[in-house]
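Data block for target18.txt (compact mmCIF, C-alpha atoms):
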```txt
# COMPACT_ATOMS: atom_id res chain seq x y z
CA MET A 73 -69.12 85.74 -136.81
CA SER A 74 -68.56 82.03 -137.40
CA ARG A 75 -70.33 79.25 -135.52
CA ASP A 76 -67.14 78.54 -133.59
CA GLN A 77 -66.78 82.19 -132.62
CA PHE A 78 -70.42 82.29 -131.56
CA GLU A 79 -69.89 79.20 -129.40
CA GLN A 80 -66.78 80.78 -127.88
CA GLU A 81 -68.60 84.03 -127.02
CA LEU A 82 -71.63 82.18 -125.69
CA GLY A 83 -69.40 79.90 -123.62
CA LYS A 84 -68.06 82.90 -121.72
CA ILE A 85 -71.52 83.95 -120.53
CA VAL A 86 -73.63 80.79 -120.63
CA ASN A 87 -73.72 80.35 -116.84
CA GLN A 88 -74.79 83.95 -116.27
CA ALA A 89 -77.33 83.62 -119.07
CA TYR A 90 -78.76 80.49 -117.45
CA GLY A 91 -78.90 82.30 -114.10
CA TYR A 92 -80.89 85.13 -115.71
CA CYS A 93 -83.25 82.69 -117.42
CA LEU A 94 -83.76 80.93 -114.10
CA ARG A 95 -84.92 84.15 -112.50
CA LEU A 96 -87.15 84.98 -115.48
CA SER A 97 -88.78 81.57 -115.03
CA ARG A 98 -89.06 82.13 -111.25
CA GLY A 99 -86.86 79.14 -110.51
CA ASP A 100 -88.32 76.67 -113.03
CA ARG A 101 -85.15 74.94 -114.28
CA GLU A 102 -86.76 73.27 -117.27
CA GLU A 103 -88.34 76.51 -118.47
CA ALA A 104 -85.05 78.34 -117.89
CA GLU A 105 -83.18 75.96 -120.15
CA ASP A 106 -85.93 76.23 -122.79
CA ILE A 107 -85.69 80.04 -122.74
CA LEU A 108 -81.93 79.86 -123.02
CA GLN A 109 -82.01 77.38 -125.86
CA GLU A 110 -84.63 79.33 -127.84
CA SER A 111 -82.65 82.54 -127.25
CA SER A 112 -79.43 80.94 -128.44
CA VAL A 113 -81.05 79.74 -131.66
CA ALA A 114 -82.61 83.18 -132.19
CA ALA A 115 -79.27 84.85 -131.49
CA TYR A 116 -77.38 82.67 -133.95
CA ARG A 117 -80.01 83.22 -136.63
CA GLY A 118 -79.81 86.97 -136.00
CA ILE A 119 -76.05 87.15 -135.66
CA GLY A 120 -76.01 89.61 -138.52
CA THR A 121 -77.50 92.21 -136.17
CA PHE A 122 -74.57 91.93 -133.77
CA GLN A 123 -71.91 94.57 -134.33
CA GLU A 124 -68.44 93.04 -134.04
CA GLY A 125 -66.54 94.61 -131.19
CA SER A 126 -69.66 95.67 -129.33
CA ASN A 127 -70.94 94.10 -126.11
CA PHE A 128 -71.99 90.51 -126.91
CA ARG A 129 -73.31 89.91 -123.40
CA ALA A 130 -75.66 92.94 -123.42
CA TRP A 131 -76.84 92.00 -126.93
CA PHE A 132 -77.49 88.37 -126.00
CA PHE A 133 -79.31 89.26 -122.79
CA LYS A 134 -81.54 91.56 -124.85
CA ILE A 135 -82.46 88.57 -127.00
CA ILE A 136 -83.20 86.50 -123.88
CA THR A 137 -85.47 89.24 -122.52
CA ASN A 138 -87.32 89.53 -125.84
CA GLN A 139 -87.65 85.75 -126.07
CA PHE A 140 -89.08 85.62 -122.56
CA PHE A 141 -91.83 88.07 -123.47
CA LYS A 142 -92.51 86.33 -126.78
CA ARG A 143 -93.31 83.17 -124.80
CA GLY A 144 -96.34 85.03 -123.55
CA ALA A 145 -95.06 86.05 -120.17
CA ARG A 146 -97.70 88.00 -118.30
CA GLN A 147 -96.47 91.34 -117.12
CA SER A 148 -97.48 92.11 -113.58
CA PHE A 149 -97.76 95.61 -112.25
CA ALA A 150 -98.51 96.68 -108.77
CA THR A 151 -98.99 99.90 -106.92
CA ILE A 152 -96.15 99.85 -104.49
CA SER A 153 -96.17 101.82 -101.31
CA LEU A 154 -92.66 102.65 -100.14
CA PRO A 155 -91.48 104.88 -97.33
CA GLU A 156 -90.51 108.35 -98.51
CA ASN A 157 -87.27 108.71 -96.56
CA PRO A 158 -84.10 108.12 -98.56
CA GLU A 159 -82.54 105.84 -95.94
CA PRO A 160 -81.88 102.26 -97.00
CA PHE A 161 -84.90 100.29 -95.82
CA LEU A 162 -83.32 97.36 -93.95
CA TYR A 163 -80.72 99.55 -92.25
CA SER A 164 -83.36 102.04 -91.18
CA MET A 165 -85.73 99.35 -89.86
CA ALA A 166 -82.91 97.57 -88.04
CA LEU A 167 -81.79 100.73 -86.27
CA ASN A 168 -85.40 101.52 -85.28
CA HIS A 169 -85.61 98.05 -83.72
CA GLY A 170 -82.49 98.41 -81.63
CA VAL A 171 -79.90 96.75 -83.85
CA SER A 172 -76.49 98.39 -83.58
CA MET A 173 -75.38 100.19 -86.72
CA GLU A 174 -72.05 98.42 -86.36
CA ALA A 175 -73.71 95.01 -86.59
CA ASP A 176 -73.45 92.75 -89.63
CA PRO A 177 -76.83 92.55 -91.42
CA LEU A 178 -76.10 88.97 -92.48
CA GLU A 179 -75.49 87.89 -88.89
CA THR A 180 -78.39 89.81 -87.39
CA VAL A 181 -81.49 90.75 -89.38
CA LEU A 182 -80.86 88.27 -92.21
CA ALA A 183 -79.36 85.50 -90.08
CA LYS A 184 -82.44 83.29 -90.48
CA VAL A 185 -83.24 84.25 -94.08
CA ASP A 186 -81.68 81.69 -96.41
CA SER A 187 -80.93 81.78 -100.14
CA PHE A 188 -84.16 79.99 -101.05
CA MET A 189 -86.24 82.61 -99.23
CA ILE A 190 -84.23 85.44 -100.78
CA LEU A 191 -84.74 84.12 -104.31
CA LYS A 192 -88.45 83.61 -103.69
CA ALA A 193 -88.70 87.21 -102.50
CA LEU A 194 -86.96 88.39 -105.67
CA ASP A 195 -89.19 86.19 -107.84
CA ALA A 196 -92.27 87.72 -106.18
CA LEU A 197 -91.51 91.31 -107.24
CA PRO A 198 -93.65 92.85 -110.01
CA ASP A 199 -92.15 92.01 -113.41
CA ASP A 200 -90.58 95.35 -114.31
CA PHE A 201 -88.63 95.42 -111.05
CA ARG A 202 -88.00 91.66 -110.93
CA ILE A 203 -86.45 91.58 -114.39
CA ALA A 204 -84.22 94.61 -113.85
CA CYS A 205 -83.06 93.43 -110.42
CA SER A 206 -82.50 89.85 -111.61
CA LEU A 207 -80.38 91.03 -114.50
CA PHE A 208 -78.39 93.28 -112.19
CA PHE A 209 -77.74 90.62 -109.55
CA VAL A 210 -76.95 87.84 -112.00
CA SER A 211 -74.71 89.77 -114.32
CA GLU A 212 -73.54 92.82 -112.31
CA MET A 213 -73.73 94.79 -115.56
CA SER A 214 -73.53 98.56 -115.59
CA TYR A 215 -76.70 100.63 -115.89
CA ASP A 216 -75.73 101.41 -119.50
CA ASP A 217 -75.46 97.72 -120.42
CA ILE A 218 -78.71 96.89 -118.60
CA SER A 219 -80.32 99.71 -120.58
CA VAL A 220 -79.26 97.95 -123.80
CA SER A 221 -80.41 94.52 -122.61
CA LEU A 222 -83.83 95.71 -121.48
CA ASP A 223 -84.19 98.34 -124.21
CA ILE A 224 -85.16 101.05 -121.72
CA PRO A 225 -83.52 104.40 -120.87
CA VAL A 226 -80.76 104.46 -118.25
CA GLY A 227 -82.94 106.61 -116.00
CA THR A 228 -85.61 103.91 -116.05
CA VAL A 229 -82.98 101.27 -115.20
CA ARG A 230 -81.89 103.33 -112.21
CA SER A 231 -85.48 103.85 -111.06
CA ARG A 232 -86.44 100.16 -111.38
CA LEU A 233 -83.28 98.96 -109.64
CA HIS A 234 -83.53 101.39 -106.76
CA ARG A 235 -87.25 100.89 -106.20
CA GLY A 236 -87.02 97.15 -106.80
CA ARG A 237 -84.25 96.77 -104.26
CA LYS A 238 -86.17 98.80 -101.73
CA MET A 239 -89.22 96.54 -102.24
CA LEU A 240 -86.96 93.53 -101.89
CA GLN A 241 -85.54 94.84 -98.62
CA GLN A 242 -89.12 95.34 -97.40
CA LYS A 243 -89.86 91.68 -98.20
CA LEU A 244 -86.65 90.55 -96.52
CA TRP A 245 -87.56 92.47 -93.37
CA ASN A 246 -90.99 90.78 -93.36
CA LEU A 247 -89.26 87.40 -93.71
CA ALA A 248 -86.91 88.24 -90.87
CA GLU A 249 -89.91 89.07 -88.69
CA GLU A 250 -91.76 85.89 -89.70
CA HIS A 251 -88.76 83.76 -88.88
CA GLY A 252 -88.29 85.20 -85.46
CA TYR A 253 -85.60 87.82 -85.83
CA VAL A 254 -86.69 91.32 -84.86
CA GLY A 255 -84.74 94.06 -83.21
CA GLY A 256 -81.72 92.02 -82.22
CA LEU A 257 -83.78 89.49 -80.31
CA ASN A 258 -84.07 85.95 -81.54
CA HIS A 259 -87.61 84.79 -80.96
CA ALA A 260 -87.66 81.00 -80.90
CA MET B 742 -59.80 116.98 -100.53
CA PRO B 743 -62.91 118.38 -102.24
CA ASP B 744 -64.12 121.78 -101.11
CA GLU B 745 -67.72 120.73 -101.31
CA MET B 746 -69.24 118.08 -99.09
CA TYR B 747 -72.62 116.38 -99.11
CA SER B 748 -75.06 116.37 -96.23
CA CYS B 749 -76.31 113.06 -94.82
CA GLU B 750 -79.52 113.40 -96.81
CA GLU B 751 -77.61 114.00 -100.04
CA VAL B 752 -75.37 110.98 -99.39
CA LEU B 753 -78.35 108.73 -98.67
CA LEU B 754 -80.04 109.89 -101.88
CA LYS B 755 -76.90 108.91 -103.79
CA LEU B 756 -76.19 105.76 -101.78
CA ALA B 757 -77.58 103.28 -104.31
CA ASP B 758 -75.67 104.87 -107.19
CA PHE B 759 -72.54 104.94 -105.01
CA VAL B 760 -72.59 101.24 -104.15
CA ASP B 761 -73.39 100.45 -107.81
CA ARG B 762 -70.32 102.48 -108.86
CA GLU B 763 -72.49 104.66 -111.09
CA LEU B 764 -71.41 108.07 -109.75
CA ILE B 765 -68.96 110.34 -111.55
CA ASP B 766 -65.56 110.92 -109.94
CA SER B 767 -66.41 114.25 -108.33
CA GLU B 768 -69.57 112.82 -106.75
CA ILE B 769 -67.62 109.82 -105.45
CA ALA B 770 -65.14 112.19 -103.85
CA PHE B 771 -67.90 114.19 -102.13
CA VAL B 772 -69.53 111.02 -100.82
CA GLU B 773 -66.26 109.56 -99.57
CA THR B 774 -65.38 112.81 -97.82
CA HIS B 775 -68.71 112.70 -96.00
CA LEU B 776 -68.30 109.02 -95.10
CA SER B 777 -64.88 109.69 -93.61
CA HIS B 778 -66.46 111.69 -90.80
CA CYS B 779 -70.01 110.31 -90.57
CA PRO B 780 -70.22 106.84 -88.99
CA GLU B 781 -74.00 106.58 -89.48
CA CYS B 782 -73.76 107.04 -93.24
CA LYS B 783 -70.61 104.92 -93.39
CA HIS B 784 -72.46 102.02 -91.79
CA ALA B 785 -75.50 102.59 -94.04
CA VAL B 786 -73.21 102.17 -97.06
CA ARG B 787 -71.62 99.08 -95.49
CA TRP B 788 -75.03 97.51 -94.85
CA GLU B 789 -76.21 98.24 -98.38
CA GLY B 790 -73.05 96.77 -99.87
CA LYS B 791 -73.31 93.57 -97.78
CA ILE B 792 -76.99 93.08 -98.58
CA LEU B 793 -76.42 93.61 -102.30
CA LYS B 794 -73.51 91.18 -102.29
CA LYS B 795 -75.67 88.60 -100.54
CA LEU B 796 -78.41 89.06 -103.16
CA ALA B 797 -75.88 88.75 -105.99
CA ASP B 798 -74.32 85.64 -104.42
CA CYS B 799 -77.76 84.01 -104.14
CA CYS B 800 -78.48 84.68 -107.82
CA GLN B 801 -75.05 83.62 -109.05
CA SER B 802 -74.51 80.49 -107.00
CA VAL B 803 -77.44 78.48 -108.37
CA GLU B 804 -76.54 75.02 -109.60
CA LYS B 805 -75.92 75.00 -113.36
CA PRO B 806 -76.98 72.05 -115.53
CA ASP B 807 -74.22 69.78 -116.77
CA ALA B 808 -73.07 70.09 -120.38
CA LEU B 809 -75.35 73.10 -120.89
CA LEU B 810 -73.36 74.73 -123.68
CA GLU B 811 -73.03 71.40 -125.49
CA ARG B 812 -76.80 70.88 -125.49
CA ILE B 813 -77.43 74.45 -126.63
CA MET B 814 -75.02 74.17 -129.55
CA LYS B 815 -76.59 70.85 -130.63
CA ALA B 816 -79.89 72.72 -131.02
CA ILE B 817 -78.30 75.25 -133.35
CA PRO B 818 -78.33 74.00 -136.93
CA VAL B 819 -75.02 73.52 -138.67
CA GLU B 820 -75.11 75.35 -141.97
```

Written form, structure tokens:
Amino acid sequence: MSRDQFEQELGKIVNQAYGYCLRLSRGDREEAEDILQESSVAAYRGIGTFQEGSNFRAWFFKIITNQFFKRGARQSFATISLPENPEPFLYSMALNHGVSMEADPLETVLAKVDSFMILKALDALPDDFRIACSLFFVSEMSYDDISVSLDIPVGTVRSRLHRGRKMLQQKLWNLAEEHGYVGGLNHA
Amino acid sequence: MPDEMYSCEEVLLKLADFVDRELIDSEIAFVETHLSHCPECKHAVRWEGKILKKLADCCQSVEKPDALLERIMKAIPVE
């Protein structure tokens, strides 16, 4: 792949890549750009490992993830306690607090939870779940492609996404309660 | 119309895979058959889809730096 071709491929995904780096850095824009720049240099140097015709985006995001950990990122783990029932957390909690199932979650439970709060909640997840969920939300890649980018089995991708999103919904419910929205009643 | 149908519990267990479009065709058909006659599960799927879209929109709508690609390519040595 020539330099021009590399630039062309990178140009198609650079905004998504920056978005992923921004979540890896927990919103630190300067660090995000550093990660992206280092990853781009590493990717160009290692372009021989990229198989023409394969998924450039998944390959490049794998390099970003590796670069992030090389920078000495601490991996955080936590014992997470989640309800056993299979129901989606926010939906289940909302119904239990009197919200109509026909209501719009964005206009009821999450009405007072803004983008900044949502991103902070995502950034506060333990690393394994945060990274998988961030990659999913930023790129909307398939489980197979996420598996390539994170170098983990598809089953592990599924598990981290599902559990991570459940944890995130738990945090969003807590935020909704803190900001005065519980059970369909706006508490001023 | 599929002969087999899922129960509510089975649909809820597959809900995340369903909204992520990670089910195989036969599973999708079973889920959709169930949703066509179960408003509770149908609304659960709707909620999950709206929440996920909101999360994706938050992650994707962050302000991008100007001339990002240009700066990145300047850092890559020309051989």

Point to revise | Residue list as an MDAnalysis selection string for point (-83.6, 82.2, -125.4), cut-off 9 Å, all atoms listed in the file | key: chainID A and resid 93 104:115 132:133 135:140

Saved selection, atoms kept: C-alpha atoms, as a PDB file, keeping the file's coordinate frame:
```pdb
ATOM      1  CA  CYS A  93     -83.250  82.690-117.420  1.00  0.00           C
ATOM      2  CA  ALA A 104     -85.050  78.340-117.890  1.00  0.00           C
ATOM      3  CA  GLU A 105     -83.180  75.960-120.150  1.00  0.00           C
ATOM      4  CA  ASP A 106     -85.930  76.230-122.790  1.00  0.00           C
ATOM      5  CA  ILE A 107     -85.690  80.040-122.740  1.00  0.00           C
ATOM      6  CA  LEU A 108     -81.930  79.860-123.020  1.00  0.00           C
ATOM      7  CA  GLN A 109     -82.010  77.380-125.860  1.00  0.00           C
ATOM      8  CA  GLU A 110     -84.630  79.330-127.840  1.00  0.00           C
ATOM      9  CA  SER A 111     -82.650  82.540-127.250  1.00  0.00           C
ATOM     10  CA  SER A 112     -79.430  80.940-128.440  1.00  0.00           C
ATOM     11  CA  VAL A 113     -81.050  79.740-131.660  1.00  0.00           C
ATOM     12  CA  ALA A 114     -82.610  83.180-132.190  1.00  0.00           C
ATOM     13  CA  ALA A 115     -79.270  84.850-131.490  1.00  0.00           C
ATOM     14  CA  PHE A 132     -77.490  88.370-126.000  1.00  0.00           C
ATOM     15  CA  PHE A 133     -79.310  89.260-122.790  1.00  0.00           C
ATOM     16  CA  ILE A 135     -82.460  88.570-127.000  1.00  0.00           C
ATOM     17  CA  ILE A 136     -83.200  86.500-123.880  1.00  0.00           C
ATOM     18  CA  THR A 137     -85.470  89.240-122.520  1.00  0.00           C
ATOM     19  CA  ASN A 138     -87.320  89.530-125.840  1.00  0.00           C
ATOM     20  CA  GLN A 139     -87.650  85.750-126.070  1.00  0.00           C
ATOM     21  CA  PHE A 140     -89.080  85.620-122.560  1.00  0.00           C
TER      22      PHE A 140
END
```

**Study point:** Computed interatomic separation between CA of Phe201 in chain A and CA of Ser126 in chain A (Å)
**Key:** 26.3 Å

Exercise for review: Name the residues in contact with Phe161 in chain A at a cut-off of 8 Å, using all atoms listed in the file, excluding same-chain residues fewer than 3 positions from it; report them as a PyMOL selection string.
Suggested key: chain A and resi 164-165+238+241-242

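Going from CA of Leu207 in chain A to CA of Leu810 in chain B covers 20.0 Å.
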
Any chance you could tabulate, as CSV, the residues of chain B at most 9 Å from chain A with each one's nearest atom pair and distance in Å to one decimal, using only C-alpha atoms, in chain and rising number order?
```
residue,atom,partner,partner_atom,distance
B:Glu750,CA,A:Pro158,CA,7.2
B:Glu751,CA,A:Pro158,CA,8.9
B:Leu753,CA,A:Glu159,CA,5.8
B:Leu754,CA,A:Pro158,CA,5.5
B:Lys755,CA,A:Pro158,CA,8.9
B:Leu756,CA,A:Pro160,CA,8.2
B:Ala757,CA,A:His234,CA,6.7
B:Asp758,CA,A:Arg230,CA,8.1
B:Asp761,CA,A:Ser214,CA,8.0
B:Arg762,CA,A:Ser214,CA,8.4
B:Glu763,CA,A:Tyr215,CA,7.6
B:Pro780,CA,A:Met173,CA,8.7
B:Glu781,CA,A:Met173,CA,7.1
B:His784,CA,A:Met173,CA,6.1
B:Ala785,CA,A:Tyr163,CA,6.3
B:Val786,CA,A:Pro160,CA,8.7
B:Arg787,CA,A:Asp176,CA,8.8
B:Trp788,CA,A:Pro177,CA,6.3
B:Glu789,CA,A:Pro160,CA,7.1
B:Lys791,CA,A:Pro177,CA,7.3
B:Ile792,CA,A:Pro177,CA,7.2
B:Leu793,CA,A:Phe209,CA,8.0
B:Lys794,CA,A:Phe209,CA,8.4
B:Lys795,CA,A:Leu178,CA,8.1
B:Leu796,CA,A:Phe209,CA,6.6
B:Ala797,CA,A:Phe209,CA,4.4
B:Asp798,CA,A:Phe209,CA,7.9
B:Cys799,CA,A:Ser187,CA,5.6
B:Cys800,CA,A:Val210,CA,5.5
B:Gln801,CA,A:Val210,CA,5.5
B:Ser802,CA,A:Gly91,CA,8.5
B:Val803,CA,A:Gly91,CA,7.0
B:Glu804,CA,A:Gly91,CA,8.9
B:Lys805,CA,A:Asn87,CA,6.8
B:Pro806,CA,A:Glu105,CA,8.7
B:Leu809,CA,A:Val86,CA,7.9
B:Leu810,CA,A:Gly83,CA,6.5
B:Arg812,CA,A:Gln109,CA,8.3
B:Ile813,CA,A:Gln109,CA,5.5
B:Met814,CA,A:Glu79,CA,7.2
B:Ala816,CA,A:Val113,CA,7.1
B:Ile817,CA,A:Val113,CA,5.5
B:Pro818,CA,A:Val113,CA,8.3
B:Val819,CA,A:Arg75,CA,8.0
B:Glu820,CA,A:Arg75,CA,8.9
```

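Restricting the calculation to all atoms listed in the file, the smallest distance between Met746 in chain B and any of B:Glu811, B:Gly790, B:Phe771, B:Ser777 is found for B:Phe771.
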
Check your understanding: CA of Ala248 in chain A to CA of Lys184 in chain A: how many Å, to one decimal?
Key ->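 Computing the Euclidean distance for CA of Ala248 in chain A and CA of Lys184 in chain A yields 6.7 Å.
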
Listed atoms of range 778-786 of chain B boxed axis-aligned with 6 Å per side, centre + edges as lines of an AutoDock Vina configuration file:
```
center_x = -71.0
center_y = 106.9
center_z = -93.0
size_x = 21.0
size_y = 21.7
size_z = 20.1
```

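Counting only C-alpha atoms, the residue from B:Asp807, B:Val752, B:Lys815, B:Ile765 that sits nearest to Lys783 in chain B is B:Val752.
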
Point to revise | Selected residue of minimal separation from Gly120 in chain A among A:Ala193, A:Met73, A:Ala166, A:Val220, counting all atoms listed in the file | key: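 Of A:Ala193, A:Met73, A:Ala166, A:Val220, the one nearest Gly120 in chain A, counting all atoms listed in the file, is A:Met73.
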